[in-house]
>>> print(open('protein.pdb').read())   # PDB, C-alpha atoms
ATOM      1  CA  MET A   1     -26.000   2.530 -44.705
ATOM      2  CA  ASN A   2     -24.850   5.532 -42.742
ATOM      3  CA  VAL A   3     -22.648   8.073 -44.500
ATOM      4  CA  TRP A   4     -20.048   7.677 -41.743
ATOM      5  CA  VAL A   5     -19.792   3.978 -42.509
ATOM      6  CA  LEU A   6     -18.933   4.903 -46.070
ATOM      7  CA  VAL A   7     -16.410   7.483 -44.918
ATOM      8  CA  PHE A   8     -14.825   4.998 -42.485
ATOM      9  CA  THR A   9     -14.696   2.262 -45.115
ATOM     10  CA  ALA A  10     -13.313   4.624 -47.767
ATOM     11  CA  ILE A  11     -10.536   5.888 -45.489
ATOM     12  CA  ALA A  12      -9.610   2.390 -44.314
ATOM     13  CA  SER A  13      -9.570   1.154 -47.926
ATOM     14  CA  LEU A  14      -7.422   4.119 -48.890
ATOM     15  CA  GLY A  15      -4.979   3.080 -46.187
ATOM     16  CA  GLY A  16      -4.822  -0.492 -47.459
ATOM     17  CA  LEU A  17      -4.458   0.479 -51.099
ATOM     18  CA  SER A  18      -1.817   3.114 -50.416
ATOM     19  CA  GLY A  19       0.090   0.522 -48.408
ATOM     20  CA  ILE A  20       0.109  -1.834 -51.383
ATOM     21  CA  ALA A  21       1.179   1.005 -53.716
ATOM     22  CA  ALA A  22       3.887   2.044 -51.252
ATOM     23  CA  ILE A  23       5.348  -1.484 -51.234
ATOM     24  CA  GLY A  24       5.858  -1.239 -55.007
ATOM     25  CA  TYR A  25       7.342   2.245 -54.705
ATOM     26  CA  ILE A  26       9.828   1.346 -51.969
ATOM     27  CA  SER A  27      11.048  -1.831 -53.648
ATOM     28  CA  VAL A  28      11.867   0.134 -56.818
ATOM     29  CA  THR A  29      13.371   3.026 -54.834
ATOM     30  CA  ARG A  30      15.523   0.704 -52.701
ATOM     31  CA  ARG A  31      16.946  -0.939 -55.808
ATOM     32  CA  LYS A  32      17.702   2.427 -57.425
ATOM     33  CA  ILE A  33      19.354   3.783 -54.274
ATOM     34  CA  GLY A  34      21.490   0.651 -53.982
ATOM     35  CA  ALA A  35      22.577   0.953 -57.609
ATOM     36  CA  GLU A  36      23.422   4.662 -57.281
ATOM     37  CA  ALA A  37      25.394   4.030 -54.090
ATOM     38  CA  ARG A  38      27.335   1.192 -55.715
ATOM     39  CA  LYS A  39      28.091   3.460 -58.679
ATOM     40  CA  ILE A  40      29.877   5.981 -56.437
ATOM     41  CA  GLY A  41      31.478   3.193 -54.418
ATOM     42  CA  VAL A  42      29.735   3.660 -51.078
ATOM     43  CA  ASP A  43      27.140   1.872 -48.986
ATOM     44  CA  ALA A  44      23.640   3.396 -49.097
ATOM     45  CA  ASP A  45      23.339   3.116 -45.310
ATOM     46  CA  ASP A  46      26.546   5.104 -44.903
ATOM     47  CA  VAL A  47      25.115   7.845 -47.113
ATOM     48  CA  MET A  48      21.883   7.900 -45.130
ATOM     49  CA  SER A  49      23.676   8.118 -41.809
ATOM     50  CA  GLY A  50      25.908  10.892 -43.140
ATOM     51  CA  ARG A  51      29.032   8.750 -42.606
ATOM     52  CA  ALA A  52      29.829   8.433 -46.302
ATOM     53  CA  LEU A  53      29.654  12.191 -46.793
ATOM     54  CA  GLU A  54      31.994  12.730 -43.857
ATOM     55  CA  MET A  55      34.399  10.203 -45.366
ATOM     56  CA  TYR A  56      34.048  11.918 -48.737
ATOM     57  CA  ASP A  57      34.717  15.339 -47.173
ATOM     58  CA  ARG A  58      37.790  13.970 -45.389
ATOM     59  CA  ALA A  59      39.114  12.308 -48.540
ATOM     60  CA  MET A  60      38.602  15.516 -50.530
ATOM     61  CA  GLN A  61      40.428  17.516 -47.833
ATOM     62  CA  GLU A  62      43.344  15.040 -47.857
ATOM     63  CA  ALA A  63      43.455  15.170 -51.649
ATOM     64  CA  ARG A  64      43.562  18.984 -51.551
ATOM     65  CA  GLU A  65      46.401  18.920 -49.005
ATOM     66  CA  ALA A  66      48.337  16.319 -51.022
ATOM     67  CA  LYS A  67      47.876  18.387 -54.181
ATOM     68  CA  SER A  68      49.127  21.502 -52.447
ATOM     69  CA  GLU A  69      52.129  19.611 -51.036
ATOM     70  CA  ALA A  70      52.900  18.163 -54.469
ATOM     71  CA  ARG A  71      52.756  21.638 -55.976
ATOM     72  CA  GLY A  72      55.269  22.850 -53.343
ATOM     73  CA  CYS A  73      57.606  19.928 -54.133
ATOM     74  CA  TYR A  74      57.370  20.640 -57.843
ATOM     75  CA  GLU A  75      58.197  24.309 -57.312
ATOM     76  CA  ARG A  76      61.195  23.407 -55.133
ATOM     77  CA  LEU A  77      62.362  20.921 -57.739
ATOM     78  CA  ASN A  78      62.120  23.560 -60.471
ATOM     79  CA  ALA A  79      64.070  26.014 -58.314
ATOM     80  CA  SER A  80      66.806  23.418 -57.706
ATOM     81  CA  GLU A  81      67.081  22.694 -61.422
ATOM     82  CA  ASP A  82      67.362  26.425 -62.062
ATOM     83  CA  HIS A  83      70.171  26.656 -59.502
ATOM     84  CA  ALA A  84      71.954  23.696 -61.079
ATOM     85  CA  ASP A  85      71.666  25.306 -64.520
ATOM     86  CA  ILE A  86      73.040  28.608 -63.234
ATOM     87  CA  LEU A  87      75.954  26.841 -61.534
ATOM     88  CA  GLU A  88      76.746  24.857 -64.677
ATOM     89  CA  ARG A  89      76.658  27.999 -66.819
ATOM     90  CA  MET A  90      78.990  29.844 -64.418
ATOM     91  CA  LEU A  91      81.471  26.964 -64.509
ATOM     92  CA  ARG A  92      81.354  26.814 -68.304
ATOM     93  CA  ASP A  93      81.868  30.609 -68.491
ATOM     94  CA  GLN A  94      85.083  30.132 -66.505
ATOM     95  CA  GLY A  95      86.228  27.395 -68.841
ATOM     96  CA  ILE A  96      85.538  24.560 -66.460
ATOM     97  CA  VAL A  97      83.528  21.764 -67.908
ATOM     98  CA  PRO A  98      81.751  20.008 -65.045
ATOM     99  CA  PRO A  99      81.808  16.244 -65.126
ATOM    100  CA  PRO A 100      78.524  14.515 -65.730
ATOM    101  CA  PHE A 101      76.734  14.029 -62.474
ATOM    102  CA  GLN A 102      77.051  10.580 -61.081
ATOM    103  CA  TYR A 103      74.849   8.910 -58.589
ATOM    104  CA  PRO A 104      77.373   7.324 -56.197
ATOM    105  CA  LEU A 105      74.974   4.781 -54.825
ATOM    106  CA  LEU A 106      74.122   3.451 -58.264
ATOM    107  CA  THR A 107      77.742   2.710 -58.981
ATOM    108  CA  ILE A 108      78.042   0.271 -56.095
ATOM    109  CA  GLY A 109      77.839  -3.183 -57.589
ATOM    110  CA  GLY A 110      76.588  -1.637 -60.823
ATOM    111  CA  ASP A 111      77.901  -1.827 -64.349
ATOM    112  CA  ARG A 112      80.024   1.295 -64.066
TER
ATOM    113  CA  MET B   1      33.089  20.203 -49.413
ATOM    114  CA  ARG B   2      29.929  18.961 -47.721
ATOM    115  CA  ASP B   3      26.921  18.843 -49.969
ATOM    116  CA  PRO B   4      24.429  21.290 -48.441
ATOM    117  CA  GLY B   5      21.426  19.621 -50.090
ATOM    118  CA  PHE B   6      21.372  16.506 -47.960
ATOM    119  CA  ARG B   7      20.294  16.155 -44.364
ATOM    120  CA  PRO B   8      19.389  12.642 -43.258
ATOM    121  CA  PRO B   9      15.815  12.354 -41.917
ATOM    122  CA  PRO B  10      15.680  12.078 -38.124
ATOM    123  CA  ASP B  11      15.719   8.605 -36.633
ATOM    124  CA  SER B  12      12.397   7.453 -35.185
ATOM    125  CA  ARG B  13      14.003   4.759 -33.058
ATOM    126  CA  ASN B  14      13.087   6.382 -29.747
ATOM    127  CA  PRO B  15      11.171   4.993 -26.738
ATOM    128  CA  ASP B  16       8.006   7.078 -27.306
ATOM    129  CA  THR B  17       7.546   5.971 -30.889
ATOM    130  CA  VAL B  18       8.337   2.339 -30.157
ATOM    131  CA  PHE B  19       5.928   2.328 -27.197
ATOM    132  CA  LEU B  20       3.105   3.923 -29.181
ATOM    133  CA  LEU B  21       3.551   1.542 -32.090
ATOM    134  CA  ALA B  22       3.721  -1.472 -29.769
ATOM    135  CA  LEU B  23       0.518  -0.270 -28.085
ATOM    136  CA  LEU B  24      -1.295   0.082 -31.413
ATOM    137  CA  LEU B  25      -0.011  -3.313 -32.507
ATOM    138  CA  THR B  26      -1.254  -4.938 -29.300
ATOM    139  CA  ALA B  27      -4.622  -3.184 -29.521
ATOM    140  CA  GLY B  28      -5.131  -4.113 -33.170
ATOM    141  CA  ALA B  29      -4.008  -7.717 -32.673
ATOM    142  CA  ALA B  30      -6.215  -8.111 -29.587
ATOM    143  CA  GLN B  31      -9.243  -6.753 -31.448
ATOM    144  CA  PHE B  32      -8.604  -9.087 -34.347
ATOM    145  CA  ALA B  33      -7.889 -12.146 -32.221
ATOM    146  CA  THR B  34     -10.530 -11.837 -29.524
ATOM    147  CA  GLY B  35     -13.169  -9.733 -31.240
ATOM    148  CA  ALA B  36     -13.084  -7.345 -28.283
ATOM    149  CA  GLU B  37     -13.931  -3.784 -29.307
ATOM    150  CA  SER B  38     -14.179  -0.436 -27.601
ATOM    151  CA  GLY B  39     -17.695   0.038 -28.914
ATOM    152  CA  SER B  40     -17.207   3.163 -30.989
ATOM    153  CA  VAL B  41     -16.100   1.397 -34.161
ATOM    154  CA  GLU B  42     -18.377  -1.572 -33.508
ATOM    155  CA  ALA B  43     -21.352   0.744 -33.191
ATOM    156  CA  LEU B  44     -20.543   2.468 -36.466
ATOM    157  CA  VAL B  45     -19.541  -0.197 -38.976
ATOM    158  CA  PRO B  46     -20.511  -3.768 -39.874
ATOM    159  CA  THR B  47     -18.389  -6.638 -38.580
ATOM    160  CA  TRP B  48     -16.475  -7.271 -41.807
ATOM    161  CA  VAL B  49     -15.359  -3.642 -42.012
ATOM    162  CA  LEU B  50     -14.365  -3.829 -38.362
ATOM    163  CA  THR B  51     -12.292  -6.943 -39.021
ATOM    164  CA  ALA B  52     -10.663  -5.400 -42.095
ATOM    165  CA  TRP B  53      -9.871  -2.224 -40.143
ATOM    166  CA  SER B  54      -8.339  -4.121 -37.202
ATOM    167  CA  VAL B  55      -6.195  -6.108 -39.664
ATOM    168  CA  LEU B  56      -5.107  -2.812 -41.245
ATOM    169  CA  LEU B  57      -4.258  -1.291 -37.853
ATOM    170  CA  THR B  58      -2.318  -4.386 -36.776
ATOM    171  CA  LEU B  59      -0.459  -4.648 -40.061
ATOM    172  CA  ALA B  60       0.291  -0.919 -40.205
ATOM    173  CA  SER B  61       1.702  -0.748 -36.686
ATOM    174  CA  ALA B  62       3.636  -4.018 -37.148
ATOM    175  CA  VAL B  63       5.205  -2.857 -40.420
ATOM    176  CA  THR B  64       6.044   0.563 -38.965
ATOM    177  CA  LEU B  65       7.596  -1.016 -35.881
ATOM    178  CA  LEU B  66       9.531  -3.422 -38.088
ATOM    179  CA  GLY B  67      10.851  -0.496 -40.134
ATOM    180  CA  VAL B  68      11.823   1.448 -37.008
ATOM    181  CA  CYS B  69      13.746  -1.551 -35.659
ATOM    182  CA  TRP B  70      15.236  -2.619 -39.017
ATOM    183  CA  ARG B  71      19.027  -2.744 -38.979
ATOM    184  CA  SER B  72      19.695  -1.182 -42.370
ATOM    185  CA  ARG B  73      18.794   2.501 -42.128
ATOM    186  CA  VAL B  74      17.689   2.952 -45.754
ATOM    187  CA  SER B  75      15.556  -0.199 -45.875
ATOM    188  CA  GLY B  76      14.255   0.607 -42.395
ATOM    189  CA  ILE B  77      12.887   4.034 -43.238
ATOM    190  CA  LEU B  78      11.398   2.761 -46.485
ATOM    191  CA  ILE B  79       9.590  -0.038 -44.620
ATOM    192  CA  GLU B  80       8.542   2.524 -42.015
ATOM    193  CA  ALA B  81       7.081   4.678 -44.796
ATOM    194  CA  VAL B  82       4.899   1.778 -45.954
ATOM    195  CA  GLY B  83       3.643   1.263 -42.412
ATOM    196  CA  ARG B  84       3.004   4.978 -41.907
ATOM    197  CA  VAL B  85       1.051   5.213 -45.157
ATOM    198  CA  MET B  86      -1.329   2.601 -43.764
ATOM    199  CA  LEU B  87      -1.249   3.801 -40.170
ATOM    200  CA  GLY B  88      -2.418   7.341 -40.954
ATOM    201  CA  PRO B  89      -5.738   6.363 -42.574
ATOM    202  CA  ALA B  90      -6.314   3.621 -39.968
ATOM    203  CA  CYS B  91      -5.998   6.189 -37.165
ATOM    204  CA  LEU B  92      -8.118   8.741 -39.067
ATOM    205  CA  ALA B  93     -10.887   6.178 -39.533
ATOM    206  CA  TYR B  94     -10.708   5.314 -35.841
ATOM    207  CA  ALA B  95     -10.869   9.011 -34.892
ATOM    208  CA  ILE B  96     -13.957   9.487 -37.067
ATOM    209  CA  ALA B  97     -15.633   6.455 -35.494
ATOM    210  CA  VAL B  98     -14.876   7.760 -32.002
ATOM    211  CA  VAL B  99     -16.208  11.255 -32.799
ATOM    212  CA  VAL B 100     -19.377   9.874 -34.437
ATOM    213  CA  ALA B 101     -20.044   7.504 -31.528
ATOM    214  CA  ALA B 102     -19.306   9.834 -28.616
ATOM    215  CA  GLY B 103     -19.632  13.348 -30.072
ATOM    216  CA  ILE B 104     -16.829  15.903 -30.186
ATOM    217  CA  GLY B 105     -17.159  16.874 -26.510
ATOM    218  CA  GLY B 106     -17.030  13.324 -25.234
ATOM    219  CA  SER B 107     -14.159  12.157 -27.416
ATOM    220  CA  ALA B 108     -11.887  15.167 -27.723
ATOM    221  CA  GLN B 109      -8.877  13.537 -26.046
ATOM    222  CA  VAL B 110      -8.981  10.173 -27.787
ATOM    223  CA  ALA B 111      -9.943  11.663 -31.150
ATOM    224  CA  GLY B 112      -7.234  14.316 -30.771
ATOM    225  CA  LEU B 113      -4.652  11.655 -30.018
ATOM    226  CA  LEU B 114      -5.699   9.592 -33.024
ATOM    227  CA  LEU B 115      -5.782  12.623 -35.320
ATOM    228  CA  GLY B 116      -2.349  13.595 -34.016
ATOM    229  CA  LEU B 117      -1.081  10.123 -34.858
ATOM    230  CA  CYS B 118      -2.573  10.422 -38.334
ATOM    231  CA  LEU B 119      -0.931  13.815 -38.911
ATOM    232  CA  SER B 120       2.407  12.712 -37.473
ATOM    233  CA  SER B 121       2.359   9.651 -39.740
ATOM    234  CA  ALA B 122       1.681  11.869 -42.745
ATOM    235  CA  TRP B 123       4.492  14.223 -41.724
ATOM    236  CA  ARG B 124       6.859  11.304 -41.250
ATOM    237  CA  VAL B 125       6.059  10.020 -44.747
ATOM    238  CA  VAL B 126       6.850  13.478 -46.142
ATOM    239  CA  GLN B 127      10.100  13.562 -44.120
ATOM    240  CA  ILE B 128      11.137  10.151 -45.428
ATOM    241  CA  TYR B 129      10.233  11.003 -49.015
ATOM    242  CA  ARG B 130      12.202  14.260 -48.854
ATOM    243  CA  GLY B 131      15.149  12.538 -47.179
ATOM    244  CA  ILE B 132      15.299   9.801 -49.806
ATOM    245  CA  ASP B 133      14.927  12.323 -52.607
ATOM    246  CA  ALA B 134      17.710  14.522 -51.207
ATOM    247  CA  MET B 135      19.917  11.475 -50.746
ATOM    248  CA  ARG B 136      19.429  10.411 -54.357
ATOM    249  CA  ARG B 137      20.166  13.928 -55.616
ATOM    250  CA  THR B 138      23.339  14.037 -53.507
ATOM    251  CA  MET B 139      24.547  10.679 -54.810
ATOM    252  CA  SER B 140      23.809  11.728 -58.344
ATOM    253  CA  ARG B 141      25.803  14.976 -57.861
ATOM    254  CA  ILE B 142      28.751  13.017 -56.412
ATOM    255  CA  SER B 143      28.553  10.602 -59.327
ATOM    256  CA  ASP B 144      28.587  13.502 -61.818
ATOM    257  CA  ARG B 145      31.568  15.041 -60.021
ATOM    258  CA  GLN B 146      33.428  11.717 -60.127
ATOM    259  CA  ASP B 147      32.709  11.421 -63.844
ATOM    260  CA  ALA B 148      33.990  14.960 -64.414
ATOM    261  CA  GLU B 149      37.232  14.253 -62.513
ATOM    262  CA  ARG B 150      37.959  11.098 -64.552
TER
END
>>> encode(input="protein.pdb", output="structure tokens")
Amino acid sequence: MNVWVLVFTAIASLGGLSGIAAIGYISVTRRKIGAEARKIGVDADDVMSGRALEMYDRAMQEAREAKSEARGCYERLNASEDHADILERMLRDQGIVPPPFQYPLLTIGGDR
Amino acid sequence: MRDPGFRPPPDSRNPDTVFLLALLLTAGAAQFATGAESGSVEALVPTWVLTAWSVLLTLASAVTLLGVCWRSRVSGILIEAVGRVMLGPACLAYAIAVVVAAGIGGSAQVAGLLLGLCLSSAWRVVQIYRGIDAMRRTMSRISDRQDAER
């Protein structure tokens, strides 16, 4: 038998065997990828196409903006409370006791 | 922030690739079904090896084509990888048979084409492996980040 026959046969066999091994590898890999994608709540195909990462980037950006807006609201709220405290103290200093603040809308049809 | 580690592997669903794979599939299936052979492989190897090789070529190109056309991207490239793993050696064996039968001077174009196909299949397998690996690392990083935020 010619040496080239052996080489040809060996390479072709290598192809067949690696194909069989690759089937095992991809079935395990596909399952793992699916599980990892489910764990982070996305579809594996969306990750592969880059769509999931874009969505993730967008969601993170929106979260950052919302956080920054919330921080602004909180600071404004604190400032308003400070102003209310100052006003109350000034009134008390002048001997005027301010009435407890009432929420007019809550009194309509309410218990008070 | 975008994870810099992940870049999806390029899509091989393009006319050139599909045409080449369809051509190989037709050639392999025709050889297997009709017993027709170009002569180079037939001159080199016994009939049973020839039959086994034509089955390998047909199967490899069919699986690769199936993977390329598969709807789900992840499953598609994994199926394509299986096909490419078989296609590379099948083309290399064919190139060797052509060179042995016709000599390097007489077979440079065909052998070059087949060797090119073998190398491109190997490169594609590497691309797919790296893409899948990067994707898994990215998902794992996102998962860790989600765990840390909880």
>>> interface_residues(input="protein.pdb", of="chain A", to="chain B", cutoff="9 Å", atoms="all atoms listed in the file", output="JSON, numbers by chain")
{"A": [2, 4, 5, 6, 7, 8, 9, 10, 11, 12, 13, 14, 15, 16, 17, 18, 19, 20, 21, 22, 23, 26, 27, 29, 30, 32, 33, 36, 37, 39, 40, 44, 45, 46, 47, 48, 49, 50, 53, 54, 56, 57, 58, 60, 61]}
>>> atom_distance(input="protein.pdb", atom1="atom CA of Leu66 of chain B", atom2="atom CA of Ala27 of chain B")
16.5 Å
>>> atom_distance(input="protein.pdb", atom1="atom CA of Thr58 of chain B", atom2="atom CA of Thr26 of chain B")
7.6 Å
>>> atom_distance(input="protein.pdb", atom1="atom CA of Arg124 of chain B", atom2="atom CA of Thr64 of chain B")
11.0 Å
>>> residues_around(input="protein.pdb", residues="segment 107-115 of chain B", least_positions_apart="2", cutoff="7 Å", atoms="all atoms listed in the file", output="list in words")
Cys91, Leu92, Ala95, Val98, Val99, Ala102, Gly103, Ile104, Gly105, Leu117, Cys118 and Leu119 of chain B
>>> build_atoms(input="protein.pdb", residues="segment 55-71 of chain A", atoms="N, CA, C and O atoms", output="JSON list (two decimals), in the coordinates of the input")
[["chain", "number", "residue", "atom", "x", "y", "z"],
["A", 55, "MET", "N", 33.22, 10.85, -44.80],
["A", 55, "MET", "CA", 34.40, 10.20, -45.37],
["A", 55, "MET", "C", 34.80, 10.90, -46.67],
["A", 55, "MET", "O", 35.98, 11.12, -46.94],
["A", 56, "TYR", "N", 33.81, 11.25, -47.46],
["A", 56, "TYR", "CA", 34.05, 11.92, -48.74],
["A", 56, "TYR", "C", 34.70, 13.29, -48.50],
["A", 56, "TYR", "O", 35.68, 13.64, -49.15],
["A", 57, "ASP", "N", 34.15, 14.03, -47.51],
["A", 57, "ASP", "CA", 34.72, 15.34, -47.17],
["A", 57, "ASP", "C", 36.17, 15.20, -46.75],
["A", 57, "ASP", "O", 37.03, 15.98, -47.16],
["A", 58, "ARG", "N", 36.44, 14.18, -45.90],
["A", 58, "ARG", "CA", 37.79, 13.97, -45.39],
["A", 58, "ARG", "C", 38.74, 13.61, -46.53],
["A", 58, "ARG", "O", 39.85, 14.14, -46.62],
["A", 59, "ALA", "N", 38.28, 12.73, -47.41],
["A", 59, "ALA", "CA", 39.11, 12.31, -48.54],
["A", 59, "ALA", "C", 39.42, 13.49, -49.45],
["A", 59, "ALA", "O", 40.55, 13.66, -49.92],
["A", 60, "MET", "N", 38.40, 14.34, -49.68],
["A", 60, "MET", "CA", 38.60, 15.52, -50.53],
["A", 60, "MET", "C", 39.61, 16.47, -49.89],
["A", 60, "MET", "O", 40.47, 17.04, -50.57],
["A", 61, "GLN", "N", 39.51, 16.63, -48.56],
["A", 61, "GLN", "CA", 40.43, 17.52, -47.83],
["A", 61, "GLN", "C", 41.86, 16.98, -47.95],
["A", 61, "GLN", "O", 42.79, 17.74, -48.24],
["A", 62, "GLU", "N", 42.01, 15.66, -47.75],
["A", 62, "GLU", "CA", 43.34, 15.04, -47.86],
["A", 62, "GLU", "C", 43.90, 15.20, -49.27],
["A", 62, "GLU", "O", 45.09, 15.48, -49.44],
["A", 63, "ALA", "N", 43.02, 15.03, -50.25],
["A", 63, "ALA", "CA", 43.46, 15.17, -51.65],
["A", 63, "ALA", "C", 43.92, 16.60, -51.92],
["A", 63, "ALA", "O", 44.93, 16.82, -52.59],
["A", 64, "ARG", "N", 43.17, 17.58, -51.36],
["A", 64, "ARG", "CA", 43.56, 18.98, -51.55],
["A", 64, "ARG", "C", 44.93, 19.26, -50.92],
["A", 64, "ARG", "O", 45.77, 19.93, -51.51],
["A", 65, "GLU", "N", 45.12, 18.71, -49.70],
["A", 65, "GLU", "CA", 46.40, 18.92, -49.00],
["A", 65, "GLU", "C", 47.54, 18.27, -49.77],
["A", 65, "GLU", "O", 48.62, 18.87, -49.92],
["A", 66, "ALA", "N", 47.29, 17.04, -50.26],
["A", 66, "ALA", "CA", 48.34, 16.32, -51.02],
["A", 66, "ALA", "C", 48.68, 17.08, -52.30],
["A", 66, "ALA", "O", 49.85, 17.19, -52.68],
["A", 67, "LYS", "N", 47.66, 17.64, -52.94],
["A", 67, "LYS", "CA", 47.88, 18.39, -54.18],
["A", 67, "LYS", "C", 48.73, 19.62, -53.91],
["A", 67, "LYS", "O", 49.66, 19.94, -54.66],
["A", 68, "SER", "N", 48.39, 20.29, -52.79],
["A", 68, "SER", "CA", 49.13, 21.50, -52.45],
["A", 68, "SER", "C", 50.58, 21.16, -52.11],
["A", 68, "SER", "O", 51.51, 21.86, -52.52],
["A", 69, "GLU", "N", 50.78, 20.04, -51.38],
["A", 69, "GLU", "CA", 52.13, 19.61, -51.04],
["A", 69, "GLU", "C", 52.92, 19.25, -52.29],
["A", 69, "GLU", "O", 54.09, 19.62, -52.44],
["A", 70, "ALA", "N", 52.24, 18.56, -53.22],
["A", 70, "ALA", "CA", 52.90, 18.16, -54.47],
["A", 70, "ALA", "C", 53.30, 19.39, -55.27],
["A", 70, "ALA", "O", 54.39, 19.43, -55.87],
["A", 71, "ARG", "N", 52.43, 20.42, -55.24],
["A", 71, "ARG", "CA", 52.76, 21.64, -55.98],
["A", 71, "ARG", "C", 54.01, 22.30, -55.37],
["A", 71, "ARG", "O", 54.89, 22.76, -56.09]]
